[in-house]
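*Asks:* Here it is: the structure, laid out below.
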Amino acid sequence: MQWTIDLFDTNIVARNSHKTILLDPHRKQQSDFVFVSHAHTDHLYSKKGGYLTSVTLASKETSRIARERGYSLGDIIQEHSGFELLHSGHILGSKGLVIDEEIFYTGDLSTRSRSFMQPAVLPQIETLIIESTFGRPEYMFPAISEIVHSANKIISDCYNRGIPVVLMGYQLGKAQLLTELFRHWEPMYVYDSIDRINCVYRDLGIDLKQASTFQGAEKAGKIKKGIPWILISPLTHGRSKFVRELKIRYNAITIGFSGWAVNSRYKYMMGLDYALPMSDHCDFTELLAVVNKCKPKKIYTFHGFAREFATILKNMGFEAYALVKSTNVKAAHSNPMGNSRLDPYL
C-alpha cells in the first residue's frame, strides 16, 4: 500500500488507500489516526481537545503533561498494528513515529545526551520526515558540558559579589534540564508554572530537585538584596515587568538558554545579560547525521529552515522536499489536498 505525504492547510498528512494519519495537527481534520509527538503547545491542537479521529497515538507522559497544561488528548494508545513509537530525545515523553516500517516522522528531535534525557532512537527507513528547526550550517551547538561550565563561571562570579542569577528557558523541557544541571547551587527557586511541571516530572519518575517557588519565598521574606540565589524562570524578554522588577529589587542578572543564541544578536534582541546556545533540538550537523543514520530514499523537511535544509539535502544527492505552506495560488488550487502543497527542491 503506497503512502503519500503532503500538507492539508498546516497539517502534515500521511495516507494510503486504507488509512489517513495526521502528524502533530494544528487544525481539526477527519482522519483515522492522530499522532501527538510531545506536549509543547505548538504540537497540541486545542485546550478544548476533540480531534476528529478514532484513535490518538501518544505517550502516557505526553498525555499527562498536556493535561497539566490544560489540554486533553482524550483516550490515547501507545501501540497499534503498523505503528511504532520511538524515543525522540526532545523532552520527557517525546516520540517519533514509524509507519509500516516505511516512514519515520521525527517530531522534534535531539540526538545528544542532556542530563536525564537520552538521545533519540533512529531507524533505517525508506521515507524520512525530519524537523528542520536549525537546518542551516551556522547553527552548530557546543557540547552541553561547555555550556554548563560557562554558566557555572557566570554564577560563581555573581555569587562572589552577592548577585542573584535568573536561569531562563522554555518552561517545559528546558526548565527541567536547568533545574537538574544546576541543582548544586543553593538556594534555588523556581517560577510557579515551572514548579507545576517539575512536579509532573517527579510523578513520572524524574528525580528533580525539590525547590521552593520564588513567589512563595518572596512572600515569606526569604529573598533579600545582596544575598545571591538561583531562579529557574521561563524565558521572557529582559524588558518584561517581571525581569525589570528583579533587577530593580535584587540587582539580578539573566542568562537565557536557547539554540538561537548561536546568533550573537540574540541576547540583545531578548534583552538578556547573557545567552548560551543550549537546545532541545538537533543542530545542523546532528540533522545531517540523522539523515545518514536513517539512510532514506526520500526526505521531507518541516519546521524552521525547511526550505533551506531541503535544498542542502538535494545538493547532496537526496530526493528532498520541504513541507511548507504554499504562496503560489495556481499550485495551491491544483492540489487535491487543499490550499497547501508539497514544495519540491529539484
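Just remember, in the C-alpha cells the first chain shown is A, the second B, etc., residues are 1-based per chain, and ligands are 1-based in the order shown.
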Quick one: residues within 10 Å of Leu122 (chain A), only C-alpha atoms counted, chain neighbours fewer than 3 positions away excluded, as a list in words?
*Replies:*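 Listed by chain and then number, they are Leu86, His87, Ser88, Gly96, Val98, Phe104, Thr106, Thr111, Pro119, Ile125, Val290, Val291, Lys293 and Cys294 of chain A.
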*Asks:* How about saving the chosen residues, N, CA and C atoms kept, as a PDB file, in the first residue's frame?
*Replies:*
ATOM      1  N   LEU A  86       8.946   5.721  18.870  1.00  0.00           N
ATOM      2  CA  LEU A  86      10.351   5.683  19.257  1.00  0.00           C
ATOM      3  C   LEU A  86      10.718   6.952  20.019  1.00  0.00           C
ATOM      4  N   HIS A  87      11.544   6.806  21.035  1.00  0.00           N
ATOM      5  CA  HIS A  87      12.045   7.942  21.814  1.00  0.00           C
ATOM      6  C   HIS A  87      12.735   8.945  20.894  1.00  0.00           C
ATOM      7  N   SER A  88      12.347  10.232  20.998  1.00  0.00           N
ATOM      8  CA  SER A  88      12.906  11.253  20.098  1.00  0.00           C
ATOM      9  C   SER A  88      13.924  12.170  20.771  1.00  0.00           C
ATOM     10  N   GLY A  96       8.969   9.838  18.213  1.00  0.00           N
ATOM     11  CA  GLY A  96       8.818   9.827  16.770  1.00  0.00           C
ATOM     12  C   GLY A  96       7.929   8.661  16.403  1.00  0.00           C
ATOM     13  N   VAL A  98       7.114   5.552  13.573  1.00  0.00           N
ATOM     14  CA  VAL A  98       7.405   4.714  12.410  1.00  0.00           C
ATOM     15  C   VAL A  98       6.082   4.146  11.899  1.00  0.00           C
ATOM     16  N   PHE A 104       9.315   7.344   8.720  1.00  0.00           N
ATOM     17  CA  PHE A 104       9.664   7.780  10.068  1.00  0.00           C
ATOM     18  C   PHE A 104       9.454   9.285  10.168  1.00  0.00           C
ATOM     19  N   THR A 106       9.888  12.304  12.653  1.00  0.00           N
ATOM     20  CA  THR A 106      10.732  12.511  13.828  1.00  0.00           C
ATOM     21  C   THR A 106      10.043  13.262  14.956  1.00  0.00           C
ATOM     22  N   THR A 111      19.573  14.346  19.373  1.00  0.00           N
ATOM     23  CA  THR A 111      20.398  13.135  19.380  1.00  0.00           C
ATOM     24  C   THR A 111      21.549  13.226  20.368  1.00  0.00           C
ATOM     25  N   PRO A 119      19.562  10.199  24.021  1.00  0.00           N
ATOM     26  CA  PRO A 119      19.452  10.532  22.595  1.00  0.00           C
ATOM     27  C   PRO A 119      18.289   9.807  21.923  1.00  0.00           C
ATOM     28  N   ILE A 125      15.199   3.629   7.260  1.00  0.00           N
ATOM     29  CA  ILE A 125      13.827   3.800   6.793  1.00  0.00           C
ATOM     30  C   ILE A 125      13.812   4.255   5.338  1.00  0.00           C
ATOM     31  N   VAL A 290      21.519  12.424  11.392  1.00  0.00           N
ATOM     32  CA  VAL A 290      20.261  11.672  11.419  1.00  0.00           C
ATOM     33  C   VAL A 290      19.947  11.132  10.028  1.00  0.00           C
ATOM     34  N   VAL A 291      20.083  11.990   9.022  1.00  0.00           N
ATOM     35  CA  VAL A 291      19.825  11.569   7.645  1.00  0.00           C
ATOM     36  C   VAL A 291      20.742  10.404   7.268  1.00  0.00           C
ATOM     37  N   LYS A 293      22.210   8.301   9.241  1.00  0.00           N
ATOM     38  CA  LYS A 293      21.883   7.122  10.047  1.00  0.00           C
ATOM     39  C   LYS A 293      20.635   6.415   9.509  1.00  0.00           C
ATOM     40  N   CYS A 294      19.629   7.182   9.115  1.00  0.00           N
ATOM     41  CA  CYS A 294      18.360   6.594   8.674  1.00  0.00           C
ATOM     42  C   CYS A 294      18.426   6.061   7.242  1.00  0.00           C
TER      43      CYS A 294
END
*Asks:* Would you pick out the contacts of region 126-140 of chain A at 9 Å or less, using only C-alpha atoms, so that residues sharing its chain but fewer than 3 positions from it are not included, and give the list as a PyMOL selection string?
*Replies:* chain A and resi 5+101-109+259-260+262-263+277+281-288+290-291+294-310+312
*Asks:* Output N, CA and C atoms for every residue in the selection just made, as a short mmCIF file (atom, residue, chain, number, x, y, z; two decimals), in the first residue's frame.
*Replies:*
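Everything below was put into again-v3.cif:
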data_model
loop_
_atom_site.label_atom_id
_atom_site.label_comp_id
_atom_site.auth_asym_id
_atom_site.auth_seq_id
_atom_site.Cartn_x
_atom_site.Cartn_y
_atom_site.Cartn_z
N ILE A 5 2.75 11.65 1.31
CA ILE A 5 2.95 12.65 2.36
C ILE A 5 2.63 14.01 1.77
N GLU A 101 6.88 0.36 8.94
CA GLU A 101 8.31 0.14 8.71
C GLU A 101 8.79 0.82 7.43
N GLU A 102 8.09 1.87 7.02
CA GLU A 102 8.38 2.55 5.76
C GLU A 102 8.66 4.03 5.94
N ILE A 103 7.95 4.67 6.87
CA ILE A 103 8.03 6.12 7.07
C ILE A 103 8.42 6.39 8.52
N PHE A 104 9.31 7.34 8.72
CA PHE A 104 9.66 7.78 10.07
C PHE A 104 9.45 9.29 10.17
N TYR A 105 8.50 9.67 11.02
CA TYR A 105 8.24 11.07 11.35
C TYR A 105 8.94 11.36 12.66
N THR A 106 9.89 12.30 12.65
CA THR A 106 10.73 12.51 13.83
C THR A 106 10.04 13.26 14.96
N GLY A 107 9.01 14.09 14.65
CA GLY A 107 8.62 15.08 15.63
C GLY A 107 9.82 15.96 15.92
N ASP A 108 9.82 16.71 17.02
CA ASP A 108 11.02 17.45 17.41
C ASP A 108 12.05 16.47 17.95
N LEU A 109 13.34 16.76 17.69
CA LEU A 109 14.34 15.71 17.77
C LEU A 109 15.63 16.21 18.40
N GLY A 259 18.86 27.59 21.52
CA GLY A 259 19.67 27.33 20.34
C GLY A 259 19.89 28.56 19.49
N TRP A 260 18.94 29.49 19.54
CA TRP A 260 19.07 30.72 18.75
C TRP A 260 20.21 31.60 19.24
N VAL A 262 23.15 30.98 19.27
CA VAL A 262 24.31 30.89 18.36
C VAL A 262 24.52 32.23 17.67
N ASN A 263 23.42 32.91 17.38
CA ASN A 263 23.49 34.24 16.77
C ASN A 263 23.80 35.26 17.87
N PRO A 277 23.96 28.96 23.95
CA PRO A 277 23.28 28.14 22.92
C PRO A 277 23.06 26.69 23.36
N HIS A 281 16.76 20.64 20.47
CA HIS A 281 16.69 20.20 19.08
C HIS A 281 18.08 19.81 18.59
N CYS A 282 18.11 19.11 17.46
CA CYS A 282 19.38 18.84 16.78
C CYS A 282 19.94 20.13 16.19
N ASP A 283 21.27 20.26 16.20
CA ASP A 283 21.88 21.33 15.41
C ASP A 283 22.06 20.83 13.98
N PHE A 284 22.65 21.66 13.14
CA PHE A 284 22.75 21.33 11.71
C PHE A 284 23.52 20.04 11.47
N THR A 285 24.67 19.89 12.12
CA THR A 285 25.47 18.69 11.88
C THR A 285 24.75 17.44 12.41
N GLU A 286 24.01 17.59 13.48
CA GLU A 286 23.26 16.45 14.02
C GLU A 286 22.11 16.06 13.09
N LEU A 287 21.47 17.04 12.46
CA LEU A 287 20.43 16.74 11.47
C LEU A 287 21.00 15.93 10.31
N LEU A 288 22.18 16.34 9.83
CA LEU A 288 22.82 15.59 8.75
C LEU A 288 23.16 14.17 9.21
N VAL A 290 21.52 12.42 11.39
CA VAL A 290 20.26 11.67 11.42
C VAL A 290 19.95 11.13 10.03
N VAL A 291 20.08 11.99 9.02
CA VAL A 291 19.82 11.57 7.64
C VAL A 291 20.74 10.40 7.27
N CYS A 294 19.63 7.18 9.12
CA CYS A 294 18.36 6.59 8.67
C CYS A 294 18.43 6.06 7.24
N LYS A 295 19.35 6.58 6.44
CA LYS A 295 19.56 6.12 5.06
C LYS A 295 18.27 6.13 4.23
N PRO A 296 17.52 7.24 4.24
CA PRO A 296 16.25 7.25 3.50
C PRO A 296 16.46 7.43 1.99
N LYS A 297 15.47 6.97 1.23
CA LYS A 297 15.45 7.23 -0.21
C LYS A 297 14.76 8.55 -0.53
N LYS A 298 13.86 8.95 0.36
CA LYS A 298 13.12 10.20 0.17
C LYS A 298 13.04 10.92 1.51
N ILE A 299 13.15 12.26 1.48
CA ILE A 299 13.16 13.06 2.70
C ILE A 299 12.18 14.22 2.57
N TYR A 300 11.41 14.45 3.62
CA TYR A 300 10.56 15.63 3.74
C TYR A 300 11.04 16.43 4.95
N THR A 301 11.20 17.73 4.79
CA THR A 301 11.62 18.60 5.89
C THR A 301 10.44 19.45 6.34
N PHE A 302 10.41 19.77 7.63
CA PHE A 302 9.34 20.63 8.14
C PHE A 302 9.86 21.44 9.32
N HIS A 303 9.21 22.56 9.57
CA HIS A 303 9.54 23.48 10.66
C HIS A 303 10.87 24.21 10.38
N GLY A 304 10.98 25.42 10.94
CA GLY A 304 12.25 26.15 10.89
C GLY A 304 12.74 26.38 9.48
N PHE A 305 13.97 25.98 9.22
CA PHE A 305 14.60 26.20 7.92
C PHE A 305 14.34 25.02 6.98
N ALA A 306 13.07 24.69 6.80
CA ALA A 306 12.70 23.53 5.98
C ALA A 306 13.15 23.69 4.54
N ARG A 307 12.91 24.85 3.95
CA ARG A 307 13.31 25.08 2.56
C ARG A 307 14.82 24.98 2.40
N GLU A 308 15.53 25.66 3.29
CA GLU A 308 16.99 25.68 3.18
C GLU A 308 17.58 24.28 3.36
N PHE A 309 17.05 23.55 4.34
CA PHE A 309 17.60 22.21 4.60
C PHE A 309 17.28 21.26 3.45
N ALA A 310 16.09 21.38 2.86
CA ALA A 310 15.76 20.54 1.70
C ALA A 310 16.69 20.83 0.54
N ILE A 312 19.79 21.96 0.72
CA ILE A 312 21.10 21.40 1.06
C ILE A 312 21.11 19.89 0.81
#
*Asks:* Could you pull the residues within 10 Å of Trp3 (chain A), counting only C-alpha atoms, minus those fewer than 5 positions along the same chain, as a ChimeraX atom specification?
*Replies:* /A:14-20,99-100,102-103,127
*Asks:* With only C-alpha atoms as the basis for distance, which of A:Thr41, A:Ser258, A:Gln215, A:Thr236 is at the shortest distance from Arg67 (chain A)?
*Replies:* A:Thr41
*Asks:* Rounded to one decimal place, report the CA of Ile76 (chain A)-CA of Ala58 (chain A) distance in Å.
*Replies:*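 We find that CA of Ile76 (chain A) and CA of Ala58 (chain A) lie 6.1 Å from each other.
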*Asks:* One number please: CA of Ala39 (chain A) to CA of His80 (chain A), in Å, one decimal.
*Replies:* 20.5 Å
*Asks:* Based on the backbone DSSP call, show me all residues of region 203-254 of chain A assigned strand (DSSP E), as a ChimeraX atom specification.
*Replies:* /A:212-213,230-234,253-254
*Asks:* Output C-alpha atoms for every residue in the selection just made, as an mmCIF file, in the first residue's frame.
*Replies:*
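So the final result, stored in again.cif, reads:
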data_model
loop_
_atom_site.group_PDB
_atom_site.id
_atom_site.type_symbol
_atom_site.label_atom_id
_atom_site.label_comp_id
_atom_site.auth_asym_id
_atom_site.auth_seq_id
_atom_site.Cartn_x
_atom_site.Cartn_y
_atom_site.Cartn_z
ATOM 1 C CA SER A 212 10.720 26.391 46.694
ATOM 2 C CA THR A 213 8.731 28.645 44.396
ATOM 3 C CA ILE A 230 19.308 30.949 41.602
ATOM 4 C CA LEU A 231 15.891 31.263 39.955
ATOM 5 C CA ILE A 232 14.716 28.915 37.189
ATOM 6 C CA SER A 233 12.377 31.083 35.140
ATOM 7 C CA PRO A 234 10.508 30.947 31.826
ATOM 8 C CA ILE A 253 21.367 39.175 36.126
ATOM 9 C CA THR A 254 19.782 36.944 33.453
#
*Asks:* What lies within 12 Å of Tyr266 (chain A) using only C-alpha atoms, ignoring chain neighbours under 3 positions off, as a CSV table (one decimal) with C-alpha atoms, in the first residue's frame?
*Replies:*
chain,number,residue,atom,x,y,z
A,237,HIS,CA,12.2,39.4,27.4
A,238,GLY,CA,14.5,41.4,29.6
A,255,ILE,CA,21.1,34.0,31.5
A,256,GLY,CA,19.0,32.8,28.6
A,257,PHE,CA,19.4,29.3,27.2
A,258,SER,CA,18.3,28.8,23.6
A,259,GLY,CA,19.7,27.3,20.3
A,260,TRP,CA,19.1,30.7,18.7
A,261,ALA,CA,21.8,32.1,21.0
A,262,VAL,CA,24.3,30.9,18.4
A,263,ASN,CA,23.5,34.2,16.8
A,269,MET,CA,17.1,41.1,20.8
A,270,MET,CA,15.9,39.4,24.0
A,271,GLY,CA,17.3,42.0,26.4
A,272,LEU,CA,19.4,39.3,28.3
A,273,ASP,CA,22.7,39.8,30.1
A,274,TYR,CA,24.0,36.5,28.8
A,275,ALA,CA,22.7,34.0,26.2
A,276,LEU,CA,24.1,30.5,25.9
A,277,PRO,CA,23.3,28.1,22.9
*Asks:* Could you tell me which of A:Leu177, A:Ile144, A:Leu167, A:Leu85 comes closest to Tyr191 (chain A) if we count only C-alpha atoms?
*Replies:*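 The closest residue to Tyr191 (chain A) is A:Leu167.
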*Asks:* Could the residues of region 148-202 of chain A that have an atom at most 9 Å from region 89-92 of chain A be listed as a Markdown table, each with its closest atom pair and the distance in Å to one decimal, counting only C-alpha atoms and ordered by chain and ascending residue number?
*Replies:*
| residue | atom | partner | partner_atom | distance |
| --- | --- | --- | --- | --- |
| A:Leu172 | CA | A:Ile91 | CA | 7.8 |
| A:Gly173 | CA | A:Ile91 | CA | 5.1 |
| A:Lys174 | CA | A:Ile91 | CA | 8.1 |
| A:Tyr201 | CA | A:Leu92 | CA | 7.8 |
*Asks:* Which residue gives the smallest distance to Arg202 (chain A) among A:Ala220, A:Ile65, A:Asn11, A:Phe182, with only C-alpha atoms counted?
*Replies:*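 Closest to Arg202 (chain A), using only C-alpha atoms: A:Ile65.
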*Asks:* Between A:Met117, A:Ile147, A:Leu97, A:Leu178, which is the closest to Ile194 (chain A) once you count only C-alpha atoms?
*Replies:*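 Using only C-alpha atoms, Ile194 (chain A) sits closest to A:Leu178.
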*Asks:* Extract, using only C-alpha atoms, all DNA, RNA and protein residues at most 12 Å from Leu22 (chain A), discarding same-chain residues fewer than 6 positions from it, and format them as a VMD selection string.
*Replies:* chain A and resid 5 to 15 28 to 37 43 to 45 51 to 57 97 99 105
